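Chemist: Contents are mmCIF, C-alpha atoms; file name model_19.cif:
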```
data_upload
loop_
_atom_site.group_PDB
_atom_site.id
_atom_site.type_symbol
_atom_site.label_atom_id
_atom_site.label_comp_id
_atom_site.auth_asym_id
_atom_site.auth_seq_id
_atom_site.Cartn_x
_atom_site.Cartn_y
_atom_site.Cartn_z
ATOM 1 C CA MET A 1429 2.948 16.558 10.372
ATOM 2 C CA ILE A 1430 0.289 14.183 9.052
ATOM 3 C CA ASP A 1431 -2.361 16.095 7.092
ATOM 4 C CA VAL A 1432 -4.480 13.944 4.767
ATOM 5 C CA ALA A 1433 -6.684 16.810 3.553
ATOM 6 C CA ALA A 1434 -3.658 18.921 2.573
ATOM 7 C CA ALA A 1435 -2.155 15.927 0.785
ATOM 8 C CA GLN A 1436 -5.342 15.473 -1.214
ATOM 9 C CA GLN A 1437 -5.166 19.059 -2.462
ATOM 10 C CA ARG A 1438 -1.457 18.762 -3.239
ATOM 11 C CA ILE A 1439 -1.629 15.604 -5.350
ATOM 12 C CA ALA A 1440 -5.104 15.868 -6.918
ATOM 13 C CA SER A 1441 -3.953 16.983 -10.348
ATOM 14 C CA TYR A 1442 -1.289 14.269 -10.634
ATOM 15 C CA ILE A 1443 -3.045 11.066 -9.586
ATOM 16 C CA HIS A 1444 -6.124 9.185 -10.741
ATOM 17 C CA ARG A 1445 -9.358 9.395 -8.806
ATOM 18 C CA THR A 1446 -9.752 5.642 -9.050
ATOM 19 C CA PRO A 1447 -13.156 4.054 -9.632
ATOM 20 C CA VAL A 1448 -15.230 1.979 -7.232
ATOM 21 C CA LEU A 1449 -16.640 -1.222 -8.733
ATOM 22 C CA GLN A 1450 -19.188 -3.789 -7.591
ATOM 23 C CA SER A 1451 -20.086 -7.388 -8.442
ATOM 24 C CA ALA A 1452 -23.556 -8.798 -7.802
ATOM 25 C CA LEU A 1453 -22.107 -12.311 -7.697
ATOM 26 C CA LEU A 1454 -19.530 -11.396 -5.056
ATOM 27 C CA ASN A 1455 -22.191 -9.572 -3.056
ATOM 28 C CA ASP A 1456 -24.297 -12.732 -3.082
ATOM 29 C CA LEU A 1457 -21.286 -14.856 -2.137
ATOM 30 C CA VAL A 1458 -20.729 -12.986 1.130
ATOM 31 C CA ASP A 1459 -24.288 -11.694 1.713
ATOM 32 C CA ALA A 1460 -23.034 -8.108 1.929
ATOM 33 C CA GLU A 1461 -22.513 -5.098 -0.357
ATOM 34 C CA LEU A 1462 -18.906 -4.837 -1.489
ATOM 35 C CA PHE A 1463 -17.380 -1.699 -2.963
ATOM 36 C CA PHE A 1464 -13.964 -2.296 -4.530
ATOM 37 C CA LYS A 1465 -11.714 0.790 -4.570
ATOM 38 C CA CYS A 1466 -9.477 0.146 -7.575
ATOM 39 C CA GLU A 1467 -6.025 1.402 -6.659
ATOM 40 C CA ASN A 1468 -4.708 -1.246 -9.041
ATOM 41 C CA LEU A 1469 -5.751 1.303 -11.693
ATOM 42 C CA GLN A 1470 -3.755 4.090 -10.012
ATOM 43 C CA LYS A 1471 -0.636 5.657 -11.532
ATOM 44 C CA ILE A 1472 2.202 3.060 -11.516
ATOM 45 C CA GLY A 1473 -0.464 0.440 -10.805
ATOM 46 C CA ALA A 1474 -0.631 0.904 -7.031
ATOM 47 C CA PHE A 1475 -1.697 3.224 -4.214
ATOM 48 C CA LYS A 1476 1.991 3.943 -3.553
ATOM 49 C CA ALA A 1477 1.822 6.729 -6.138
ATOM 50 C CA ARG A 1478 -0.187 8.823 -3.675
ATOM 51 C CA GLY A 1479 2.340 8.862 -0.855
ATOM 52 C CA ALA A 1480 5.369 9.222 -3.103
ATOM 53 C CA CYS A 1481 3.750 12.097 -4.979
ATOM 54 C CA ASN A 1482 2.859 13.890 -1.740
ATOM 55 C CA ALA A 1483 6.386 13.447 -0.383
ATOM 56 C CA VAL A 1484 8.101 14.726 -3.529
ATOM 57 C CA LEU A 1485 5.744 17.675 -3.967
ATOM 58 C CA SER A 1486 6.274 18.596 -0.304
ATOM 59 C CA LEU A 1487 10.006 19.184 -0.841
ATOM 60 C CA SER A 1488 11.226 22.754 -0.978
ATOM 61 C CA ASP A 1489 12.715 23.891 -4.277
ATOM 62 C CA GLU A 1490 16.179 23.873 -2.697
ATOM 63 C CA ASP A 1491 15.844 20.350 -1.343
ATOM 64 C CA ALA A 1492 14.258 19.039 -4.537
ATOM 65 C CA THR A 1493 17.320 19.952 -6.622
ATOM 66 C CA LYS A 1494 19.270 17.287 -4.704
ATOM 67 C CA GLY A 1495 16.913 14.581 -5.862
ATOM 68 C CA VAL A 1496 15.369 11.717 -3.927
ATOM 69 C CA ALA A 1497 16.458 8.221 -2.963
ATOM 70 C CA THR A 1498 15.053 5.122 -1.296
ATOM 71 C CA HIS A 1499 15.489 1.370 -1.085
ATOM 72 C CA SER A 1500 12.706 -0.759 -2.503
ATOM 73 C CA SER A 1501 12.137 -4.022 -4.300
ATOM 74 C CA GLY A 1502 8.526 -3.201 -5.095
ATOM 75 C CA ASN A 1503 5.979 -0.535 -5.898
ATOM 76 C CA HIS A 1504 7.476 2.258 -3.772
ATOM 77 C CA GLY A 1505 10.573 2.419 -5.940
ATOM 78 C CA ALA A 1506 8.526 2.803 -9.108
ATOM 79 C CA ALA A 1507 6.235 5.316 -7.424
ATOM 80 C CA LEU A 1508 9.145 7.471 -6.263
ATOM 81 C CA ALA A 1509 10.753 7.419 -9.717
ATOM 82 C CA TRP A 1510 7.427 8.469 -11.253
ATOM 83 C CA ALA A 1511 6.885 11.242 -8.703
ATOM 84 C CA ALA A 1512 10.427 12.558 -9.141
ATOM 85 C CA ALA A 1513 9.819 12.856 -12.879
ATOM 86 C CA ILE A 1514 6.938 15.246 -12.154
ATOM 87 C CA ARG A 1515 9.464 17.704 -10.692
ATOM 88 C CA ASP A 1516 12.216 16.724 -13.141
ATOM 89 C CA ILE A 1517 14.575 15.667 -10.375
ATOM 90 C CA PRO A 1518 16.735 12.535 -10.110
ATOM 91 C CA ALA A 1519 15.569 9.438 -8.236
ATOM 92 C CA THR A 1520 17.967 6.713 -7.103
ATOM 93 C CA ILE A 1521 16.446 3.397 -6.038
ATOM 94 C CA VAL A 1522 18.547 0.840 -4.176
ATOM 95 C CA VAL A 1523 17.284 -2.594 -5.181
ATOM 96 C CA PRO A 1524 18.357 -6.038 -3.928
ATOM 97 C CA ASN A 1525 20.062 -8.068 -6.642
ATOM 98 C CA ASN A 1526 17.439 -10.821 -6.375
ATOM 99 C CA ALA A 1527 14.524 -8.486 -7.182
ATOM 100 C CA LYS A 1528 12.279 -9.563 -10.026
ATOM 101 C CA GLN A 1529 13.131 -8.035 -13.386
ATOM 102 C CA ILE A 1530 9.551 -6.810 -13.776
ATOM 103 C CA LYS A 1531 10.056 -4.604 -10.696
ATOM 104 C CA LYS A 1532 13.355 -3.215 -11.982
ATOM 105 C CA ASP A 1533 11.862 -2.577 -15.414
ATOM 106 C CA ALA A 1534 9.089 -0.540 -13.810
ATOM 107 C CA ILE A 1535 11.553 1.682 -11.937
ATOM 108 C CA LEU A 1536 13.617 2.246 -15.074
ATOM 109 C CA SER A 1537 10.533 2.998 -17.173
ATOM 110 C CA TYR A 1538 9.713 5.976 -14.940
ATOM 111 C CA GLY A 1539 13.236 7.360 -15.184
ATOM 112 C CA GLY A 1540 14.686 6.069 -11.921
ATOM 113 C CA GLN A 1541 18.326 5.053 -11.526
ATOM 114 C CA ILE A 1542 18.880 1.601 -9.985
ATOM 115 C CA LEU A 1543 21.736 0.625 -7.688
ATOM 116 C CA GLU A 1544 21.814 -3.070 -6.869
ATOM 117 C CA CYS A 1545 23.021 -4.509 -3.573
ATOM 118 C CA GLU A 1546 23.025 -7.743 -1.613
ATOM 119 C CA PRO A 1547 19.524 -8.888 -0.594
ATOM 120 C CA THR A 1548 19.771 -7.968 3.078
ATOM 121 C CA LEU A 1549 18.296 -5.030 4.957
ATOM 122 C CA ALA A 1550 21.757 -4.066 6.191
ATOM 123 C CA ALA A 1551 23.102 -3.938 2.635
ATOM 124 C CA ARG A 1552 20.118 -1.932 1.417
ATOM 125 C CA GLU A 1553 20.482 0.613 4.216
ATOM 126 C CA ALA A 1554 24.247 0.904 3.817
ATOM 127 C CA THR A 1555 24.015 1.422 0.054
ATOM 128 C CA LEU A 1556 21.292 4.012 0.514
ATOM 129 C CA ALA A 1557 23.366 5.821 3.145
ATOM 130 C CA ASP A 1558 26.248 6.038 0.660
ATOM 131 C CA VAL A 1559 23.926 7.541 -1.966
ATOM 132 C CA VAL A 1560 22.561 10.138 0.440
ATOM 133 C CA ALA A 1561 26.035 11.044 1.712
ATOM 134 C CA ALA A 1562 27.438 11.457 -1.788
ATOM 135 C CA SER A 1563 24.562 13.345 -3.403
ATOM 136 C CA GLY A 1564 22.602 14.918 -0.563
ATOM 137 C CA ALA A 1565 19.494 13.225 -1.945
ATOM 138 C CA ASN A 1566 16.361 13.288 0.179
ATOM 139 C CA PHE A 1567 15.538 9.875 1.656
ATOM 140 C CA ILE A 1568 11.845 9.089 1.094
ATOM 141 C CA PRO A 1569 10.877 6.077 3.253
ATOM 142 C CA PRO A 1570 8.346 3.630 1.818
ATOM 143 C CA TYR A 1571 5.783 3.815 4.628
ATOM 144 C CA ASP A 1572 6.989 5.131 8.015
ATOM 145 C CA ASP A 1573 6.850 8.828 7.144
ATOM 146 C CA ASP A 1574 4.287 11.586 7.751
ATOM 147 C CA ARG A 1575 4.207 12.647 4.091
ATOM 148 C CA ILE A 1576 3.733 9.066 2.905
ATOM 149 C CA ILE A 1577 0.997 8.316 5.457
ATOM 150 C CA SER A 1578 -0.815 11.536 4.515
ATOM 151 C CA GLY A 1579 -0.733 10.675 0.827
ATOM 152 C CA GLN A 1580 -1.989 7.125 1.312
ATOM 153 C CA GLY A 1581 -4.841 8.430 3.454
ATOM 154 C CA THR A 1582 -6.302 10.227 0.447
ATOM 155 C CA VAL A 1583 -7.697 6.833 -0.603
ATOM 156 C CA ALA A 1584 -10.127 7.058 2.330
ATOM 157 C CA LEU A 1585 -11.199 10.613 1.523
ATOM 158 C CA GLU A 1586 -12.117 9.532 -2.001
ATOM 159 C CA ILE A 1587 -14.048 6.498 -0.763
ATOM 160 C CA VAL A 1588 -16.138 8.624 1.617
ATOM 161 C CA ASP A 1589 -16.987 10.917 -1.303
ATOM 162 C CA GLN A 1590 -17.787 8.030 -3.669
ATOM 163 C CA VAL A 1591 -19.828 5.654 -1.476
ATOM 164 C CA GLU A 1592 -22.558 6.644 0.963
ATOM 165 C CA ASP A 1593 -23.486 4.939 4.223
ATOM 166 C CA LEU A 1594 -20.493 2.632 4.528
ATOM 167 C CA ASP A 1595 -20.285 0.414 7.598
ATOM 168 C CA VAL A 1596 -16.806 -1.025 7.123
ATOM 169 C CA ALA A 1597 -13.549 -0.444 5.235
ATOM 170 C CA ILE A 1598 -10.746 -2.993 4.872
ATOM 171 C CA THR A 1599 -7.202 -2.399 3.613
ATOM 172 C CA PRO A 1600 -4.167 -4.670 3.364
ATOM 173 C CA VAL A 1601 -1.450 -4.090 5.968
ATOM 174 C CA GLY A 1602 2.278 -4.620 5.469
ATOM 175 C CA GLY A 1603 4.411 -1.658 6.529
ATOM 176 C CA GLY A 1604 1.177 0.013 7.568
ATOM 177 C CA GLY A 1605 1.252 3.270 5.605
ATOM 178 C CA LEU A 1606 -1.992 2.561 3.756
ATOM 179 C CA LEU A 1607 -3.901 1.352 6.813
ATOM 180 C CA ALA A 1608 -2.625 4.165 9.044
ATOM 181 C CA GLY A 1609 -3.402 6.811 6.436
ATOM 182 C CA CYS A 1610 -6.875 5.422 5.823
ATOM 183 C CA LEU A 1611 -7.587 5.276 9.550
ATOM 184 C CA LEU A 1612 -6.929 9.011 9.677
ATOM 185 C CA GLY A 1613 -8.844 9.629 6.462
ATOM 186 C CA PHE A 1614 -11.884 7.772 7.799
ATOM 187 C CA LYS A 1615 -11.623 9.366 11.252
ATOM 188 C CA ASP A 1616 -14.955 10.690 12.552
ATOM 189 C CA SER A 1617 -16.822 8.977 9.674
ATOM 190 C CA GLY A 1618 -18.277 6.238 11.866
ATOM 191 C CA ILE A 1619 -16.772 3.603 9.552
ATOM 192 C CA ALA A 1620 -15.154 0.601 11.237
ATOM 193 C CA VAL A 1621 -11.716 0.107 9.678
ATOM 194 C CA PHE A 1622 -9.953 -3.271 9.562
ATOM 195 C CA GLY A 1623 -6.558 -4.374 8.320
ATOM 196 C CA ALA A 1624 -6.104 -7.665 6.437
ATOM 197 C CA GLU A 1625 -2.873 -9.604 6.847
ATOM 198 C CA PRO A 1626 -1.494 -13.018 5.825
ATOM 199 C CA GLU A 1627 -1.140 -15.671 8.515
ATOM 200 C CA GLY A 1628 2.456 -16.090 7.378
ATOM 201 C CA ALA A 1629 3.269 -12.390 7.904
ATOM 202 C CA ASP A 1630 1.165 -11.515 10.931
ATOM 203 C CA ASP A 1631 3.362 -9.003 12.763
ATOM 204 C CA ALA A 1632 0.653 -6.296 12.727
ATOM 205 C CA TYR A 1633 -1.868 -8.732 14.224
ATOM 206 C CA ARG A 1634 0.561 -9.866 16.922
ATOM 207 C CA SER A 1635 1.726 -6.308 17.617
ATOM 208 C CA LEU A 1636 -1.855 -5.188 18.129
ATOM 209 C CA LYS A 1637 -2.646 -8.084 20.460
ATOM 210 C CA GLN A 1638 0.441 -7.603 22.647
ATOM 211 C CA GLY A 1639 0.228 -3.804 22.636
ATOM 212 C CA SER A 1640 3.772 -3.199 21.388
ATOM 213 C CA ARG A 1641 5.320 -3.265 17.918
ATOM 214 C CA ILE A 1642 7.135 -6.391 16.789
ATOM 215 C CA SER A 1643 10.261 -4.962 15.171
ATOM 216 C CA SER A 1644 11.422 -8.018 13.245
ATOM 217 C CA HIS A 1645 9.916 -11.250 11.962
ATOM 218 C CA SER A 1646 10.413 -13.887 9.266
ATOM 219 C CA PRO A 1647 7.443 -13.649 6.892
ATOM 220 C CA ASN A 1648 6.417 -16.483 4.612
ATOM 221 C CA THR A 1649 3.574 -15.627 2.244
ATOM 222 C CA LEU A 1650 2.841 -15.229 -1.466
ATOM 223 C CA CYS A 1651 1.621 -11.690 -0.672
ATOM 224 C CA ASP A 1652 4.976 -10.164 -1.575
ATOM 225 C CA GLY A 1653 3.725 -6.627 -1.012
ATOM 226 C CA LEU A 1654 3.003 -7.402 2.666
ATOM 227 C CA LEU A 1655 6.356 -8.798 3.770
ATOM 228 C CA THR A 1656 7.561 -5.580 5.402
ATOM 229 C CA THR A 1657 7.647 -5.148 9.170
ATOM 230 C CA LEU A 1658 5.101 -2.662 10.542
ATOM 231 C CA GLY A 1659 6.453 0.883 10.864
ATOM 232 C CA GLU A 1660 6.728 2.736 14.181
ATOM 233 C CA LYS A 1661 4.564 5.736 13.287
ATOM 234 C CA ASN A 1662 2.039 3.460 11.635
ATOM 235 C CA PHE A 1663 1.783 1.143 14.628
ATOM 236 C CA ASP A 1664 0.908 4.014 16.946
ATOM 237 C CA ILE A 1665 -1.937 5.094 14.647
ATOM 238 C CA ILE A 1666 -3.156 1.540 14.057
ATOM 239 C CA ARG A 1667 -3.074 0.675 17.767
ATOM 240 C CA ASP A 1668 -5.181 3.725 18.620
ATOM 241 C CA HIS A 1669 -7.750 3.582 15.813
ATOM 242 C CA VAL A 1670 -8.080 0.205 14.055
ATOM 243 C CA THR A 1671 -11.082 -1.997 14.784
ATOM 244 C CA ASP A 1672 -9.114 -5.211 14.289
ATOM 245 C CA ILE A 1673 -6.591 -7.029 12.094
ATOM 246 C CA LEU A 1674 -8.025 -9.994 10.163
ATOM 247 C CA LEU A 1675 -5.814 -12.942 9.219
ATOM 248 C CA VAL A 1676 -6.180 -15.161 6.154
ATOM 249 C CA SER A 1677 -4.254 -18.050 4.631
ATOM 250 C CA ASP A 1678 -2.421 -17.940 1.321
ATOM 251 C CA ASP A 1679 -4.904 -20.480 -0.080
ATOM 252 C CA GLU A 1680 -7.743 -18.106 0.774
ATOM 253 C CA VAL A 1681 -5.870 -15.252 -0.925
ATOM 254 C CA VAL A 1682 -5.473 -17.297 -4.115
ATOM 255 C CA GLU A 1683 -9.199 -18.102 -4.129
ATOM 256 C CA ALA A 1684 -10.080 -14.426 -3.672
ATOM 257 C CA MET A 1685 -7.585 -13.332 -6.323
ATOM 258 C CA SER A 1686 -9.165 -15.716 -8.815
ATOM 259 C CA LEU A 1687 -12.636 -14.388 -7.991
ATOM 260 C CA ILE A 1688 -11.546 -10.781 -8.561
ATOM 261 C CA TRP A 1689 -9.891 -11.641 -11.865
ATOM 262 C CA THR A 1690 -12.865 -13.636 -13.146
ATOM 263 C CA ARG A 1691 -15.795 -11.659 -11.727
ATOM 264 C CA LEU A 1692 -14.511 -8.073 -11.768
ATOM 265 C CA LYS A 1693 -12.096 -8.604 -14.691
ATOM 266 C CA LEU A 1694 -9.386 -6.815 -12.715
ATOM 267 C CA VAL A 1695 -5.679 -7.614 -12.587
ATOM 268 C CA VAL A 1696 -4.727 -7.496 -8.904
ATOM 269 C CA GLU A 1697 -1.801 -8.682 -6.817
ATOM 270 C CA PRO A 1698 -2.219 -11.264 -4.053
ATOM 271 C CA SER A 1699 -1.633 -8.411 -1.603
ATOM 272 C CA SER A 1700 -4.778 -6.746 -2.960
ATOM 273 C CA ALA A 1701 -6.947 -9.856 -2.981
ATOM 274 C CA ILE A 1702 -6.380 -10.331 0.732
ATOM 275 C CA VAL A 1703 -9.190 -7.882 1.555
ATOM 276 C CA LEU A 1704 -11.805 -10.024 -0.200
ATOM 277 C CA ALA A 1705 -10.339 -13.137 1.411
ATOM 278 C CA ALA A 1706 -10.846 -11.504 4.809
ATOM 279 C CA VAL A 1707 -14.537 -10.897 4.142
ATOM 280 C CA ILE A 1708 -15.092 -14.423 2.815
ATOM 281 C CA ARG A 1709 -13.477 -15.949 5.923
ATOM 282 C CA ASN A 1710 -15.562 -13.704 8.205
ATOM 283 C CA LYS A 1711 -18.894 -13.752 6.343
ATOM 284 C CA ALA A 1712 -20.970 -14.048 9.496
ATOM 285 C CA GLN A 1713 -19.298 -10.988 11.020
ATOM 286 C CA PHE A 1714 -19.919 -8.811 7.964
ATOM 287 C CA LYS A 1715 -23.335 -10.106 6.865
ATOM 288 C CA GLY A 1716 -25.604 -7.354 5.523
ATOM 289 C CA GLN A 1717 -23.000 -4.597 5.786
ATOM 290 C CA ARG A 1718 -21.727 -2.093 3.229
ATOM 291 C CA ILE A 1719 -17.988 -2.671 2.914
ATOM 292 C CA ALA A 1720 -15.254 -0.753 1.072
ATOM 293 C CA LEU A 1721 -12.341 -2.968 0.004
ATOM 294 C CA VAL A 1722 -9.107 -1.295 -1.075
ATOM 295 C CA LEU A 1723 -7.482 -3.149 -3.982
ATOM 296 C CA SER A 1724 -3.999 -1.821 -3.332
ATOM 297 C CA GLY A 1725 -2.192 -2.742 -6.557
ATOM 298 C CA GLY A 1726 -2.081 -4.695 -9.785
ATOM 299 C CA ASN A 1727 1.621 -5.166 -10.515
ATOM 300 C CA VAL A 1728 1.798 -8.924 -10.806
ATOM 301 C CA ASP A 1729 4.131 -11.161 -12.781
ATOM 302 C CA LEU A 1730 1.798 -12.651 -15.398
ATOM 303 C CA THR A 1731 4.176 -15.574 -15.953
ATOM 304 C CA GLY A 1732 3.859 -16.744 -12.352
ATOM 305 C CA LEU A 1733 0.194 -16.563 -11.383
ATOM 306 C CA PRO A 1734 -0.780 -18.678 -8.359
ATOM 307 C CA PHE A 1735 -3.966 -20.043 -9.923
#
```
Go ahead and render the structure in this file as structure tokens.

Modeler:
Amino acid sequence: MIDVAAAQQRIASYIHRTPVLQSALLNDLVDAELFFKCENLQKIGAFKARGACNAVLSLSDEDATKGVATHSSGNHGAALAWAAAIRDIPATIVVPNNAKQIKKDAILSYGGQILECEPTLAAREATLADVVAASGANFIPPYDDDRIISGQGTVALEIVDQVEDLDVAITPVGGGGLLAGCLLGFKDSGIAVFGAEPEGADDAYRSLKQGSRISSHSPNTLCDGLLTTLGEKNFDIIRDHVTDILLVSDDEVVEAMSLIWTRLKLVVEPSSAIVLAAVIRNKAQFKGQRIALVLSGGNVDLTGLPF
């Protein structure tokens, strides 16, 4: 069952209530009031801590003793390892053998155990299945799960409490857990909620337009956190509640990322900067409005910046 309010109570003492920042220069650039929700300053450096924490804390004592497991080459793996440490239970993360070392280091730093596999979805799922069969560990999906969606939606509840009279909120969309959760968190607020997606990984946009979920695609974008195919549960929520999905190019993401780094002095991933890129591309649409932008994470390889 998806319950964002219950998730907020469950995880409140473990996560950061992240700040909301503004920039007069960026406001002037787009002729609107921008409110940046800084999930890049969240535990493990990304919003993923919220969903993972809610999922782990939702386990019964009996189930928790078996530990947790998932497959991830990004922030979800680190988030699950961190959340498992809260309950002092083991976390096994199946990681493709071509994953960046910075991602593996993050998982290990939070106490997770890494199992490497071939860099295919089939290999990841098969390796994970072996782990679950051998240990009885609880599989915690990265985004297509009620507990995860509920946890991510707590971002929206905080924004509503922190910023008055919002017109619009924009979040990145990859697997869709953050957008779906925020749609439920903002429900009945009167706030128009948009997703932002790269042109090279536009399955959410195309799914919305055709009215059915695209189950596989071949993404090509520097927004490495948004490569995942949209989840089933998330698509149903997004289809029913989202205002629209906004597309941007990678070049526009790089420009927005540079602006955030230089004007807000914030380290953010390309996947975070996409929300500002969406406003810049659609300035006429958002002129004069009060807009919350969710900066989803800040785990970026500093040796390979795109600007």

Chemist: Give me the result of the PyMOL selection byres ((chain A and resi 1640) around 12) on this file, residue by residue, as a list in words.

Modeler: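 On this input, the PyMOL selection byres ((chain A and resi 1640) around 12) captures Asp1631, Ala1632, Tyr1633, Arg1634, Ser1635, Leu1636, Lys1637, Gln1638, Gly1639, Arg1641, Ile1642, Ser1643, Leu1658, Gly1659, Glu1660, Asn1662, Phe1663, Asp1664, Ile1666, Arg1667 and Asp1668 of chain A.
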
Chemist: Output the selection as a PDB file, in the frame of the given file - C-alpha atoms for each residue.

Modeler:
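Below is the file again25.pdb, written as the result:
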```pdb
ATOM      1  CA  ASP A1631       3.362  -9.003  12.763  1.00  0.00           C
ATOM      2  CA  ALA A1632       0.653  -6.296  12.727  1.00  0.00           C
ATOM      3  CA  TYR A1633      -1.868  -8.732  14.224  1.00  0.00           C
ATOM      4  CA  ARG A1634       0.561  -9.866  16.922  1.00  0.00           C
ATOM      5  CA  SER A1635       1.726  -6.308  17.617  1.00  0.00           C
ATOM      6  CA  LEU A1636      -1.855  -5.188  18.129  1.00  0.00           C
ATOM      7  CA  LYS A1637      -2.646  -8.084  20.460  1.00  0.00           C
ATOM      8  CA  GLN A1638       0.441  -7.603  22.647  1.00  0.00           C
ATOM      9  CA  GLY A1639       0.228  -3.804  22.636  1.00  0.00           C
ATOM     10  CA  ARG A1641       5.320  -3.265  17.918  1.00  0.00           C
ATOM     11  CA  ILE A1642       7.135  -6.391  16.789  1.00  0.00           C
ATOM     12  CA  SER A1643      10.261  -4.962  15.171  1.00  0.00           C
ATOM     13  CA  LEU A1658       5.101  -2.662  10.542  1.00  0.00           C
ATOM     14  CA  GLY A1659       6.453   0.883  10.864  1.00  0.00           C
ATOM     15  CA  GLU A1660       6.728   2.736  14.181  1.00  0.00           C
ATOM     16  CA  ASN A1662       2.039   3.460  11.635  1.00  0.00           C
ATOM     17  CA  PHE A1663       1.783   1.143  14.628  1.00  0.00           C
ATOM     18  CA  ASP A1664       0.908   4.014  16.946  1.00  0.00           C
ATOM     19  CA  ILE A1666      -3.156   1.540  14.057  1.00  0.00           C
ATOM     20  CA  ARG A1667      -3.074   0.675  17.767  1.00  0.00           C
ATOM     21  CA  ASP A1668      -5.181   3.725  18.620  1.00  0.00           C
TER      22      ASP A1668
END
```

Chemist: Please expand the PyMOL selection byres ((chain A and resi 1460-1464) around 10) into the concrete residues it hits in this file, giving the result as number ranges by chain.

Modeler: A: 1447-1452, 1454-1459, 1465-1467, 1587, 1590-1591, 1594-1598, 1688, 1692, 1703-1704, 1707, 1711-1712, 1714-1723

Chemist: What is the atom CA of Glu1697 of chain A to atom CA of Ala1608 of chain A distance in Å?

Modeler: 20.4 Å

Chemist: Compare A:Val1728, A:Ala1483, A:Ile1443, A:Leu1687 by their minimum atom-to-atom distance to Asn1566 of chain A, counting all atoms listed in the file, and give me the closest one.

Modeler: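 For Asn1566 of chain A, the nearest of the candidates is A:Ala1483.
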
Chemist: From the list A:Ile1619, A:Ala1497, A:Lys1531, A:Leu1585, which residue is nearest Ala1561 of chain A when using only C-alpha atoms?

Modeler: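 Among the listed residues, the smallest separation from Ala1561 of chain A belongs to A:Ala1497.
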
Chemist: Residues within 7 Å of segment 1547-1554 of chain A, please, as a ChimeraX atom specification. Count all atoms listed in the file; anything in the same chain fewer than 3 positions from it doesn't count.

Modeler: /A:1499,1522,1524-1526,1557-1558

Chemist: Can you spell out as a VMD selection string the set of residues that the PyMOL selection byres ((chain A and resi 1537) around 12) selects in the structure I just provided?

Modeler: chain A and resid 1472 1505 to 1510 1513 1529 to 1536 1538 to 1542

Chemist: Hey, can you spit out that residue selection with C-alpha atoms as a short mmCIF file (atom, residue, chain, number, x, y, z; two decimals), in the frame of the given file?

Modeler:
```cif
data_model
loop_
_atom_site.label_atom_id
_atom_site.label_comp_id
_atom_site.auth_asym_id
_atom_site.auth_seq_id
_atom_site.Cartn_x
_atom_site.Cartn_y
_atom_site.Cartn_z
CA ILE A 1472 2.20 3.06 -11.52
CA GLY A 1505 10.57 2.42 -5.94
CA ALA A 1506 8.53 2.80 -9.11
CA ALA A 1507 6.24 5.32 -7.42
CA LEU A 1508 9.14 7.47 -6.26
CA ALA A 1509 10.75 7.42 -9.72
CA TRP A 1510 7.43 8.47 -11.25
CA ALA A 1513 9.82 12.86 -12.88
CA GLN A 1529 13.13 -8.04 -13.39
CA ILE A 1530 9.55 -6.81 -13.78
CA LYS A 1531 10.06 -4.60 -10.70
CA LYS A 1532 13.36 -3.22 -11.98
CA ASP A 1533 11.86 -2.58 -15.41
CA ALA A 1534 9.09 -0.54 -13.81
CA ILE A 1535 11.55 1.68 -11.94
CA LEU A 1536 13.62 2.25 -15.07
CA TYR A 1538 9.71 5.98 -14.94
CA GLY A 1539 13.24 7.36 -15.18
CA GLY A 1540 14.69 6.07 -11.92
CA GLN A 1541 18.33 5.05 -11.53
CA ILE A 1542 18.88 1.60 -9.98
#
```

Chemist: What does the structure give for the distance between atom CA of Leu1606 of chain A and atom CA of Pro1570 of chain A, in Å to one decimal?

Modeler: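 We find that atom CA of Leu1606 of chain A and atom CA of Pro1570 of chain A lie 10.6 Å from each other.
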
Chemist: Find the distance between atom CA of Val1676 of chain A and atom CA of Pro1626 of chain A and write it in Å to one decimal.

Modeler: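 Separating atom CA of Val1676 of chain A from atom CA of Pro1626 of chain A is a distance of 5.2 Å.
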
Chemist: Have a look at A:Ile1577, A:Ala1706, A:Val1670, A:Val1695 and name the one nearest to Leu1469 of chain A; count all atoms listed in the file.

Modeler: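 Selected residue with least distance to Leu1469 of chain A: A:Val1695.
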
Chemist: Have a look at A:Thr1657, A:Ser1563, A:Asn1727, A:Ser1617 and name the one nearest to Ala1584 of chain A; count only C-alpha atoms.

Modeler: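 Checking each of A:Thr1657, A:Ser1563, A:Asn1727, A:Ser1617 against Ala1584 of chain A, counting only C-alpha atoms, the winner is A:Ser1617.
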
Chemist: Using only C-alpha atoms, which residues sit within 8 Å of Asp1672 of chain A once same-chain residues fewer than 5 positions away are excluded, as a ChimeraX atom specification?

Modeler: /A:1621-1623

Chemist: With 8 Å added on each side, what axis-aligned box encloses every listed atom of segment 1624-1627 of chain A? Give the centre and edge lengths in Å to one decimal, as lines of an AutoDock Vina configuration file.

Modeler:
```
center_x = -3.6
center_y = -11.7
center_z = 7.2
size_x = 21.0
size_y = 24.0
size_z = 18.7
```

Chemist: Of the candidates A:Asn1468, A:Lys1615, A:His1444, A:Ala1705, which one gets nearest to Lys1693 of chain A if we count only C-alpha atoms?

Modeler: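 Going through A:Asn1468, A:Lys1615, A:His1444, A:Ala1705 one by one, the smallest distance to Lys1693 of chain A is for A:Asn1468.
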